[in-house]
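Below is the file entry.cif, which contains mmCIF, C-alpha atoms.
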```cif
data_start
loop_
_atom_site.group_PDB
_atom_site.id
_atom_site.type_symbol
_atom_site.label_atom_id
_atom_site.label_comp_id
_atom_site.auth_asym_id
_atom_site.auth_seq_id
_atom_site.Cartn_x
_atom_site.Cartn_y
_atom_site.Cartn_z
ATOM 1 C CA MET I 13 79.990 45.025 142.834
ATOM 2 C CA PRO I 14 81.199 47.500 140.233
ATOM 3 C CA ASN I 15 81.056 50.492 142.633
ATOM 4 C CA PHE I 16 83.179 48.926 145.398
ATOM 5 C CA GLN I 17 86.189 51.121 146.124
ATOM 6 C CA PRO I 18 88.511 49.708 148.791
ATOM 7 C CA TYR I 19 90.387 52.224 150.905
ATOM 8 C CA LEU I 20 93.100 52.143 153.527
ATOM 9 C CA GLN I 21 92.621 53.380 157.065
ATOM 10 C CA SER I 22 94.370 53.123 160.403
ATOM 11 C CA PRO I 23 93.120 50.583 162.961
ATOM 12 C CA LEU I 24 92.795 53.526 165.379
ATOM 13 C CA VAL I 25 90.806 55.699 162.960
ATOM 14 C CA ASN I 26 87.728 55.700 165.219
ATOM 15 C CA PHE I 27 89.659 57.454 167.993
ATOM 16 C CA ASN I 28 90.262 60.486 165.725
ATOM 17 C CA LEU I 29 93.743 61.038 167.155
ATOM 18 C CA PRO I 30 94.575 64.012 164.878
ATOM 19 C CA ALA I 31 91.750 65.978 166.533
ATOM 20 C CA GLU I 32 93.205 65.262 169.995
ATOM 21 C CA THR I 33 96.795 66.164 169.179
ATOM 22 C CA VAL I 34 98.241 69.014 171.233
ATOM 23 C CA LEU I 35 101.610 70.752 171.308
ATOM 24 C CA VAL I 36 104.231 69.070 173.464
ATOM 25 C CA ASP I 37 105.050 70.695 176.791
ATOM 26 C CA ASN I 38 106.872 69.598 179.951
ATOM 27 C CA SER I 39 103.671 69.009 181.919
ATOM 28 C CA GLN I 40 102.835 65.939 179.816
ATOM 29 C CA LEU I 41 104.688 63.103 181.487
ATOM 30 C CA ALA I 42 103.300 60.530 179.033
ATOM 31 C CA ARG I 43 102.554 61.157 175.362
ATOM 32 C CA ALA I 44 101.471 58.734 172.678
ATOM 33 C CA ASN I 45 100.312 58.744 169.096
ATOM 34 C CA GLU I 46 99.984 56.312 166.232
ATOM 35 C CA LEU I 47 102.339 56.195 163.287
ATOM 36 C CA PRO I 48 99.629 55.010 160.917
ATOM 37 C CA LEU I 49 99.844 53.124 157.663
ATOM 38 C CA LEU I 50 103.484 52.133 157.585
ATOM 39 C CA GLY I 51 104.687 49.179 155.529
ATOM 40 C CA TYR I 52 105.604 45.937 157.328
ATOM 41 C CA ILE I 53 107.509 43.219 155.480
ATOM 42 C CA ALA I 54 108.048 39.841 157.146
ATOM 43 C CA ILE I 55 111.285 38.256 155.922
ATOM 44 C CA ARG I 56 111.897 34.534 156.403
ATOM 45 C CA GLY I 57 115.087 32.606 155.698
ATOM 46 C CA GLU I 58 118.168 31.157 157.369
ATOM 47 C CA LEU I 59 119.863 34.346 158.510
ATOM 48 C CA ALA I 60 123.173 32.548 159.003
ATOM 49 C CA ASP I 61 123.269 31.881 155.235
ATOM 50 C CA GLY I 62 125.672 34.456 153.793
ATOM 51 C CA ALA I 63 123.778 34.799 150.502
ATOM 52 C CA ILE I 64 120.469 35.424 152.265
ATOM 53 C CA ALA I 65 122.068 37.881 154.695
ATOM 54 C CA ALA I 66 123.688 39.764 151.799
ATOM 55 C CA ALA I 67 120.398 39.931 149.889
ATOM 56 C CA ILE I 68 118.566 41.341 152.931
ATOM 57 C CA ALA I 69 121.299 43.912 153.598
ATOM 58 C CA LYS I 70 121.279 44.994 149.946
ATOM 59 C CA VAL I 71 117.520 45.557 149.765
ATOM 60 C CA SER I 72 117.104 47.105 153.224
ATOM 61 C CA GLY I 73 120.306 49.111 153.263
ATOM 62 C CA ALA I 74 120.779 47.948 156.865
ATOM 63 C CA ALA I 75 123.072 45.476 158.590
ATOM 64 C CA LEU I 76 121.376 42.348 159.908
ATOM 65 C CA PRO I 77 120.437 42.917 163.553
ATOM 66 C CA ALA I 78 121.602 40.639 166.338
ATOM 67 C CA ALA I 79 119.074 38.804 168.495
ATOM 68 C CA GLY I 80 116.858 41.219 170.426
ATOM 69 C CA GLN I 81 118.005 44.224 168.425
ATOM 70 C CA PHE I 82 117.197 46.247 165.331
ATOM 71 C CA THR I 83 119.136 48.267 162.809
ATOM 72 C CA THR I 84 118.189 51.177 160.595
ATOM 73 C CA GLY I 85 118.929 51.724 156.951
ATOM 74 C CA GLU I 86 117.731 53.322 153.754
ATOM 75 C CA ALA I 87 114.521 51.255 153.737
ATOM 76 C CA GLY I 88 113.603 51.812 157.397
ATOM 77 C CA VAL I 89 113.936 49.719 160.546
ATOM 78 C CA LEU I 90 115.045 46.080 160.325
ATOM 79 C CA LEU I 91 113.935 44.179 163.421
ATOM 80 C CA TRP I 92 115.132 40.747 164.606
ATOM 81 C CA VAL I 93 112.147 38.470 165.321
ATOM 82 C CA SER I 94 113.714 34.986 165.494
ATOM 83 C CA PRO I 95 116.768 33.139 164.116
ATOM 84 C CA ASP I 96 114.992 32.795 160.773
ATOM 85 C CA GLU I 97 112.760 35.871 160.698
ATOM 86 C CA LEU I 98 113.116 39.638 160.458
ATOM 87 C CA LEU I 99 110.582 42.439 160.145
ATOM 88 C CA LEU I 100 111.250 45.467 157.963
ATOM 89 C CA VAL I 101 109.231 48.563 158.888
ATOM 90 C CA THR I 102 109.266 50.878 155.899
ATOM 91 C CA ARG I 103 107.398 53.757 154.285
ATOM 92 C CA ARG I 104 104.065 52.623 152.829
ATOM 93 C CA ALA I 105 104.798 54.323 149.496
ATOM 94 C CA GLU I 106 107.908 52.128 149.090
ATOM 95 C CA LEU I 107 106.237 48.842 150.028
ATOM 96 C CA ALA I 108 105.669 47.439 146.511
ATOM 97 C CA GLN I 109 109.154 48.475 145.411
ATOM 98 C CA ARG I 110 110.767 46.778 148.433
ATOM 99 C CA LEU I 111 108.766 43.568 147.990
ATOM 100 C CA ALA I 112 109.771 43.380 144.318
ATOM 101 C CA ALA I 113 113.406 43.993 145.277
ATOM 102 C CA PHE I 114 113.290 41.169 147.832
ATOM 103 C CA ASP I 115 111.727 38.811 145.270
ATOM 104 C CA ALA I 116 114.556 39.570 142.859
ATOM 105 C CA ALA I 117 117.284 39.336 145.517
ATOM 106 C CA PHE I 118 115.939 36.011 146.841
ATOM 107 C CA ALA I 119 115.823 34.332 143.401
ATOM 108 C CA GLY I 120 117.297 30.854 143.816
ATOM 109 C CA LEU I 121 117.478 31.194 147.607
ATOM 110 C CA PHE I 122 115.320 29.475 150.238
ATOM 111 C CA ALA I 123 113.910 32.749 151.567
ATOM 112 C CA HIS I 124 110.908 34.985 151.015
ATOM 113 C CA ALA I 125 109.422 38.331 151.987
ATOM 114 C CA VAL I 126 105.691 38.961 152.418
ATOM 115 C CA ASP I 127 103.561 42.026 153.063
ATOM 116 C CA ASN I 128 102.209 42.009 156.628
ATOM 117 C CA SER I 129 101.083 45.647 156.597
ATOM 118 C CA GLY I 130 97.422 44.826 157.059
ATOM 119 C CA GLY I 131 98.139 43.125 160.354
ATOM 120 C CA LEU I 132 100.272 45.644 162.263
ATOM 121 C CA THR I 133 100.467 49.244 163.379
ATOM 122 C CA CYS I 134 102.915 51.337 165.403
ATOM 123 C CA VAL I 135 102.381 53.601 168.409
ATOM 124 C CA SER I 136 104.968 56.010 169.797
ATOM 125 C CA LEU I 137 105.154 56.416 173.578
ATOM 126 C CA SER I 138 107.337 59.093 175.147
ATOM 127 C CA GLY I 139 107.636 61.454 178.075
ATOM 128 C CA ALA I 140 109.346 61.377 181.457
ATOM 129 C CA GLU I 141 107.044 58.593 182.737
ATOM 130 C CA HIS I 142 106.858 56.427 179.604
ATOM 131 C CA VAL I 143 108.669 53.554 181.345
ATOM 132 C CA THR I 144 106.242 53.778 184.285
ATOM 133 C CA VAL I 145 103.345 53.509 181.817
ATOM 134 C CA LEU I 146 104.940 50.414 180.307
ATOM 135 C CA ARG I 147 105.323 48.902 183.801
ATOM 136 C CA HIS I 148 101.559 49.269 184.267
ATOM 137 C CA MET I 149 100.985 47.456 180.977
ATOM 138 C CA GLY I 150 103.373 44.518 181.362
ATOM 139 C CA VAL I 151 105.781 42.655 183.613
ATOM 140 C CA TYR I 152 108.932 42.943 181.514
ATOM 141 C CA ASP I 153 111.894 44.879 182.939
ATOM 142 C CA PHE I 154 111.342 47.793 180.528
ATOM 143 C CA GLU I 155 114.105 49.895 182.148
ATOM 144 C CA SER I 156 116.637 47.428 180.761
ATOM 145 C CA ILE I 157 115.745 48.072 177.104
ATOM 146 C CA GLY I 158 118.572 50.142 175.685
ATOM 147 C CA VAL I 159 118.718 52.210 172.516
ATOM 148 C CA GLY I 160 118.832 49.820 169.572
ATOM 149 C CA GLN I 161 117.095 46.998 171.424
ATOM 150 C CA ALA I 162 113.673 45.452 170.867
ATOM 151 C CA VAL I 163 111.639 43.090 173.036
ATOM 152 C CA SER I 164 108.534 41.087 172.208
ATOM 153 C CA THR I 165 106.388 40.826 175.307
ATOM 154 C CA VAL I 166 102.834 40.825 176.635
ATOM 155 C CA LEU I 167 101.142 44.192 177.125
ATOM 156 C CA GLY I 168 97.978 43.713 179.134
ATOM 157 C CA LYS I 169 96.441 40.642 177.486
ATOM 158 C CA ALA I 170 97.985 41.132 174.043
ATOM 159 C CA GLY I 171 101.405 40.718 172.521
ATOM 160 C CA GLY I 172 103.521 43.543 171.208
ATOM 161 C CA THR I 173 107.083 44.535 170.422
ATOM 162 C CA VAL I 174 108.778 47.425 172.218
ATOM 163 C CA LEU I 175 111.616 49.182 170.352
ATOM 164 C CA ARG I 176 113.804 51.868 171.855
ATOM 165 C CA LEU I 177 115.099 54.319 169.268
ATOM 166 C CA GLU I 178 115.966 57.040 171.792
ATOM 167 C CA ASP I 179 116.195 57.589 175.536
ATOM 168 C CA ASP I 180 112.998 59.637 175.774
ATOM 169 C CA GLY I 181 110.610 57.098 174.269
ATOM 170 C CA VAL I 182 109.781 53.820 172.619
ATOM 171 C CA PHE I 183 107.745 52.512 169.731
ATOM 172 C CA LEU I 184 105.201 49.738 170.142
ATOM 173 C CA ILE I 185 104.502 47.488 167.180
ATOM 174 C CA ILE I 186 101.131 45.885 167.799
ATOM 175 C CA ARG I 187 98.700 43.683 165.951
ATOM 176 C CA ARG I 188 95.867 45.469 164.227
ATOM 177 C CA SER I 189 93.297 43.198 165.873
ATOM 178 C CA PHE I 190 94.434 44.346 169.346
ATOM 179 C CA ALA I 191 95.032 48.020 168.507
ATOM 180 C CA ASP I 192 91.795 49.330 170.057
ATOM 181 C CA TYR I 193 92.328 47.315 173.241
ATOM 182 C CA LEU I 194 95.955 48.380 173.668
ATOM 183 C CA TRP I 195 95.219 52.050 172.927
ATOM 184 C CA LEU I 196 92.458 52.127 175.551
ATOM 185 C CA LEU I 197 94.726 50.344 178.042
ATOM 186 C CA LEU I 198 97.563 52.779 177.370
ATOM 187 C CA ARG I 199 95.271 55.786 177.851
ATOM 188 C CA LYS I 200 93.905 54.363 181.095
ATOM 189 C CA VAL I 201 97.264 53.640 182.714
ATOM 190 C CA ALA I 202 98.822 56.889 181.416
ATOM 191 C CA ALA I 203 96.011 59.155 182.647
ATOM 192 C CA PRO I 204 97.680 59.925 186.043
ATOM 193 C CA TYR I 205 100.749 61.198 184.178
ATOM 194 C CA ARG I 206 98.909 63.994 182.344
ATOM 195 C CA PHE I 207 98.627 61.911 179.203
ATOM 196 C CA ALA I 208 98.477 63.729 175.891
ATOM 197 C CA VAL I 209 98.223 62.773 172.232
#
```

Re-express the file's structure as structure tokens.
Amino acid sequence: MPNFQPYLQSPLVNFNLPAETVLVDNSQLARANELPLLGYIAIRGELADGAIAAAIAKVSGAALPAAGQFTTGEAGVLLWVSPDELLLVTRRAELAQRLAAFDAAFAGLFAHAVDNSGGLTCVSLSGAEHVTVLRHMGVYDFESIGVGQAVSTVLGKAGGTVLRLEDDGVFLIIRRSFADYLWLLLRKVAAPYRFAV
């Protein structure tokens, strides 16, 4: 197939969100949009190992997060997933550079970093009723998520991670394969709150 030209597109491309985007105003009690085509690097290794922790901090420019939290640094957001796994959310343009830096930093260590960008996307959710919208989507006590915290939970019938970067909203990291389902669910439950993109 000499004419095949692969290209990158958002999992929510068919919703044409840019065409729906409106200016923010106080009447919109729930707003959401996708942050498309970010870079996602899964990092595995014994985080209690000082050499591995130092290598991760050096490449990401962020301190290692405690359980259930995330930190921010030069490379982006570093999210705790489990005692031996982190997720770095970074700019897509820096993905190859970051992966190469992790490979070099992990030389001789029992740790690795892999590109998981094709499997994830991120949706922002904000507005005065964003927590109410989350309550409609899942059973977790979303009010308890403070700034700097992240929770992996079930949203509808799919898993996702909720990160709170600020008081007014959250970010949802979701699997690409469930992106359509979760976007439609979010729109449905947010409709009574004058939902806007």

Written as a short mmCIF file (atom, residue, chain, number, x, y, z; two decimals) with C-alpha atoms, in the coordinates of the input, which residues does the PyMOL selection byres ((chain I and resi 122) around 12) give for the file shown?
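Generated output (part.cif):
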```cif
data_model
loop_
_atom_site.label_atom_id
_atom_site.label_comp_id
_atom_site.auth_asym_id
_atom_site.auth_seq_id
_atom_site.Cartn_x
_atom_site.Cartn_y
_atom_site.Cartn_z
CA ILE I 55 111.28 38.26 155.92
CA ARG I 56 111.90 34.53 156.40
CA GLY I 57 115.09 32.61 155.70
CA GLU I 58 118.17 31.16 157.37
CA LEU I 59 119.86 34.35 158.51
CA ASP I 61 123.27 31.88 155.24
CA ALA I 63 123.78 34.80 150.50
CA ILE I 64 120.47 35.42 152.26
CA ALA I 65 122.07 37.88 154.70
CA ALA I 67 120.40 39.93 149.89
CA ASP I 96 114.99 32.80 160.77
CA ASP I 115 111.73 38.81 145.27
CA ALA I 117 117.28 39.34 145.52
CA PHE I 118 115.94 36.01 146.84
CA ALA I 119 115.82 34.33 143.40
CA GLY I 120 117.30 30.85 143.82
CA LEU I 121 117.48 31.19 147.61
CA ALA I 123 113.91 32.75 151.57
CA HIS I 124 110.91 34.98 151.01
CA ALA I 125 109.42 38.33 151.99
#
```

*Can you turn the PyMOL selection byres ((chain I and resi 33) around 9) into a concrete residue list for this file, as a ChimeraX atom specification?*
/I:29-32,34-35,45,208-209

*Gap from CA of Ala87 (chain I) to CA of Phe114 (chain I) - Å, one decimal*: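 Between these atoms lies a distance of 11.8 Å.
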
*Using all atoms listed in the file, which of I:Ala116, I:Leu197, I:Ala170, I:Leu50 sits nearest Ile68 (chain I)?*
I:Ala116

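Among the candidates I:Leu146, I:Val135, I:Gly158, I:Gly51, the one nearest to Ala108 (chain I) when counting only C-alpha atoms is I:Gly51.
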
*Distance query Leu20 (chain I) at most 9 Å, only C-alpha atoms, self and fewer than 2 positions along chain excluded, as a PyMOL selection string*: chain I and resi 18+22+49

Emit the selected residues as an mmCIF file, keeping the file's coordinate frame, including C-alpha atoms.
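Output contents, as saved in out.cif:
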```cif
data_model
loop_
_atom_site.group_PDB
_atom_site.id
_atom_site.type_symbol
_atom_site.label_atom_id
_atom_site.label_comp_id
_atom_site.auth_asym_id
_atom_site.auth_seq_id
_atom_site.Cartn_x
_atom_site.Cartn_y
_atom_site.Cartn_z
ATOM 1 C CA PRO I 18 88.511 49.708 148.791
ATOM 2 C CA SER I 22 94.370 53.123 160.403
ATOM 3 C CA LEU I 49 99.844 53.124 157.663
#
```

*Check the smallest atom-to-atom distance from each of I:Ser129, I:Ser136, I:Gln17, I:Thr84 to Leu47 (chain I) using all atoms listed in the file, then report the winner.*
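Comparing I:Ser129, I:Ser136, I:Gln17, I:Thr84 against Leu47 (chain I), the winner is I:Ser136.
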
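Using all atoms listed in the file, the shortest contact distance between Leu198 (chain I) and any of I:Gly150, I:Pro14, I:Gly181, I:Gly130 is found at I:Gly150.
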
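Note that the spacing between CA of Asp180 (chain I) and CA of Phe82 (chain I) amounts to 17.5 Å.
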
Could the centre and edge lengths of an axis-aligned box, enclosing all atoms of region 167-186 of chain I in the file with 5 Å extra on each side, be given in Å to one decimal as JSON?
```
{"center_x": 106.3, "center_y": 50.1, "center_z": 173.2, "size_x": 29.8, "size_y": 29.0, "size_z": 22.0}
```

_Who sits within 9 Å of Ala202 (chain I), all atoms listed in the file, same chain under 4 positions skipped, as a PyMOL selection string_ = chain I and resi 41-43+141-142+144-146+148+197-198+206-208

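Comparing I:Val126, I:Val151, I:Leu132, I:Leu76 by their smallest distance to Val166 (chain I), the closest is I:Val151 (using all atoms listed in the file).
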
Please write as a CSV table (one decimal) with C-alpha atoms, in the coordinates of the input the full residue list that the PyMOL selection byres ((chain I and resi 90) around 8) yields on this file.
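Result saved to selection_7.csv:
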```
chain,number,residue,atom,x,y,z
I,72,SER,CA,117.1,47.1,153.2
I,74,ALA,CA,120.8,47.9,156.9
I,76,LEU,CA,121.4,42.3,159.9
I,77,PRO,CA,120.4,42.9,163.6
I,82,PHE,CA,117.2,46.2,165.3
I,83,THR,CA,119.1,48.3,162.8
I,84,THR,CA,118.2,51.2,160.6
I,85,GLY,CA,118.9,51.7,157.0
I,88,GLY,CA,113.6,51.8,157.4
I,89,VAL,CA,113.9,49.7,160.5
I,91,LEU,CA,113.9,44.2,163.4
I,92,TRP,CA,115.1,40.7,164.6
I,98,LEU,CA,113.1,39.6,160.5
I,99,LEU,CA,110.6,42.4,160.1
I,100,LEU,CA,111.2,45.5,158.0
I,101,VAL,CA,109.2,48.6,158.9
```

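For the pair CA of Gln81 (chain I) and CA of Ile157 (chain I), the interatomic distance is 9.8 Å.
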
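With distances restricted to all atoms listed in the file, I:Tyr52 is the closest residue to Arg188 (chain I) from I:Tyr205, I:Tyr52, I:Tyr152, I:Phe16.
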
*So which residues are close to (102.4, 43.3, 172.7), meaning at most 10 Å away in the file's coordinates with only C-alpha atoms counted, and can you show them as a list of chain:residue names?*
I:Met149, I:Gly150, I:Val163, I:Ser164, I:Thr165, I:Val166, I:Leu167, I:Gly168, I:Lys169, I:Ala170, I:Gly171, I:Gly172, I:Thr173, I:Val174, I:Leu184, I:Ile185, I:Ile186, I:Arg187, I:Phe190, I:Ala191, I:Leu194

Same residues, C-alpha atoms, output as a JSON list (two decimals), in the coordinates of the input:
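Contents of the output file out08.json:
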```
[["chain", "number", "residue", "atom", "x", "y", "z"],
["I", 149, "MET", "CA", 100.98, 47.46, 180.98],
["I", 150, "GLY", "CA", 103.37, 44.52, 181.36],
["I", 163, "VAL", "CA", 111.64, 43.09, 173.04],
["I", 164, "SER", "CA", 108.53, 41.09, 172.21],
["I", 165, "THR", "CA", 106.39, 40.83, 175.31],
["I", 166, "VAL", "CA", 102.83, 40.83, 176.64],
["I", 167, "LEU", "CA", 101.14, 44.19, 177.12],
["I", 168, "GLY", "CA", 97.98, 43.71, 179.13],
["I", 169, "LYS", "CA", 96.44, 40.64, 177.49],
["I", 170, "ALA", "CA", 97.98, 41.13, 174.04],
["I", 171, "GLY", "CA", 101.40, 40.72, 172.52],
["I", 172, "GLY", "CA", 103.52, 43.54, 171.21],
["I", 173, "THR", "CA", 107.08, 44.54, 170.42],
["I", 174, "VAL", "CA", 108.78, 47.42, 172.22],
["I", 184, "LEU", "CA", 105.20, 49.74, 170.14],
["I", 185, "ILE", "CA", 104.50, 47.49, 167.18],
["I", 186, "ILE", "CA", 101.13, 45.88, 167.80],
["I", 187, "ARG", "CA", 98.70, 43.68, 165.95],
["I", 190, "PHE", "CA", 94.43, 44.35, 169.35],
["I", 191, "ALA", "CA", 95.03, 48.02, 168.51],
["I", 194, "LEU", "CA", 95.96, 48.38, 173.67]]
```

Please output region 105-118 of chain I, rebuilt to include N, CA and C atoms, as a PDB file, in the coordinates of the input.
```
ATOM      1  N   ALA I 105     104.646  54.020 150.913  1.00  0.00           N
ATOM      2  CA  ALA I 105     104.798  54.323 149.496  1.00  0.00           C
ATOM      3  C   ALA I 105     105.880  53.474 148.833  1.00  0.00           C
ATOM      4  N   GLU I 106     106.808  52.923 149.634  1.00  0.00           N
ATOM      5  CA  GLU I 106     107.908  52.128 149.090  1.00  0.00           C
ATOM      6  C   GLU I 106     107.664  50.623 149.211  1.00  0.00           C
ATOM      7  N   LEU I 107     106.504  50.245 149.723  1.00  0.00           N
ATOM      8  CA  LEU I 107     106.237  48.842 150.028  1.00  0.00           C
ATOM      9  C   LEU I 107     106.352  47.946 148.794  1.00  0.00           C
ATOM     10  N   ALA I 108     105.656  48.272 147.718  1.00  0.00           N
ATOM     11  CA  ALA I 108     105.669  47.439 146.511  1.00  0.00           C
ATOM     12  C   ALA I 108     107.077  47.337 145.928  1.00  0.00           C
ATOM     13  N   GLN I 109     107.785  48.453 145.928  1.00  0.00           N
ATOM     14  CA  GLN I 109     109.154  48.475 145.411  1.00  0.00           C
ATOM     15  C   GLN I 109     110.067  47.556 146.237  1.00  0.00           C
ATOM     16  N   ARG I 110     109.933  47.612 147.564  1.00  0.00           N
ATOM     17  CA  ARG I 110     110.767  46.778 148.433  1.00  0.00           C
ATOM     18  C   ARG I 110     110.439  45.295 148.262  1.00  0.00           C
ATOM     19  N   LEU I 111     109.153  44.971 148.184  1.00  0.00           N
ATOM     20  CA  LEU I 111     108.766  43.568 147.990  1.00  0.00           C
ATOM     21  C   LEU I 111     109.321  43.025 146.681  1.00  0.00           C
ATOM     22  N   ALA I 112     109.234  43.803 145.614  1.00  0.00           N
ATOM     23  CA  ALA I 112     109.771  43.380 144.318  1.00  0.00           C
ATOM     24  C   ALA I 112     111.289  43.201 144.401  1.00  0.00           C
ATOM     25  N   ALA I 113     111.953  44.095 145.127  1.00  0.00           N
ATOM     26  CA  ALA I 113     113.406  43.993 145.277  1.00  0.00           C
ATOM     27  C   ALA I 113     113.787  42.741 146.054  1.00  0.00           C
ATOM     28  N   PHE I 114     113.017  42.406 147.091  1.00  0.00           N
ATOM     29  CA  PHE I 114     113.290  41.169 147.832  1.00  0.00           C
ATOM     30  C   PHE I 114     113.065  39.948 146.944  1.00  0.00           C
ATOM     31  N   ASP I 115     111.989  39.947 146.171  1.00  0.00           N
ATOM     32  CA  ASP I 115     111.727  38.811 145.270  1.00  0.00           C
ATOM     33  C   ASP I 115     112.910  38.596 144.326  1.00  0.00           C
ATOM     34  N   ALA I 116     113.421  39.677 143.778  1.00  0.00           N
ATOM     35  CA  ALA I 116     114.556  39.570 142.859  1.00  0.00           C
ATOM     36  C   ALA I 116     115.814  39.117 143.595  1.00  0.00           C
ATOM     37  N   ALA I 117     116.068  39.668 144.760  1.00  0.00           N
ATOM     38  CA  ALA I 117     117.284  39.336 145.517  1.00  0.00           C
ATOM     39  C   ALA I 117     117.258  37.905 146.043  1.00  0.00           C
ATOM     40  N   PHE I 118     116.067  37.370 146.308  1.00  0.00           N
ATOM     41  CA  PHE I 118     115.939  36.011 146.841  1.00  0.00           C
ATOM     42  C   PHE I 118     115.822  34.953 145.755  1.00  0.00           C
TER      43      PHE I 118
END
```
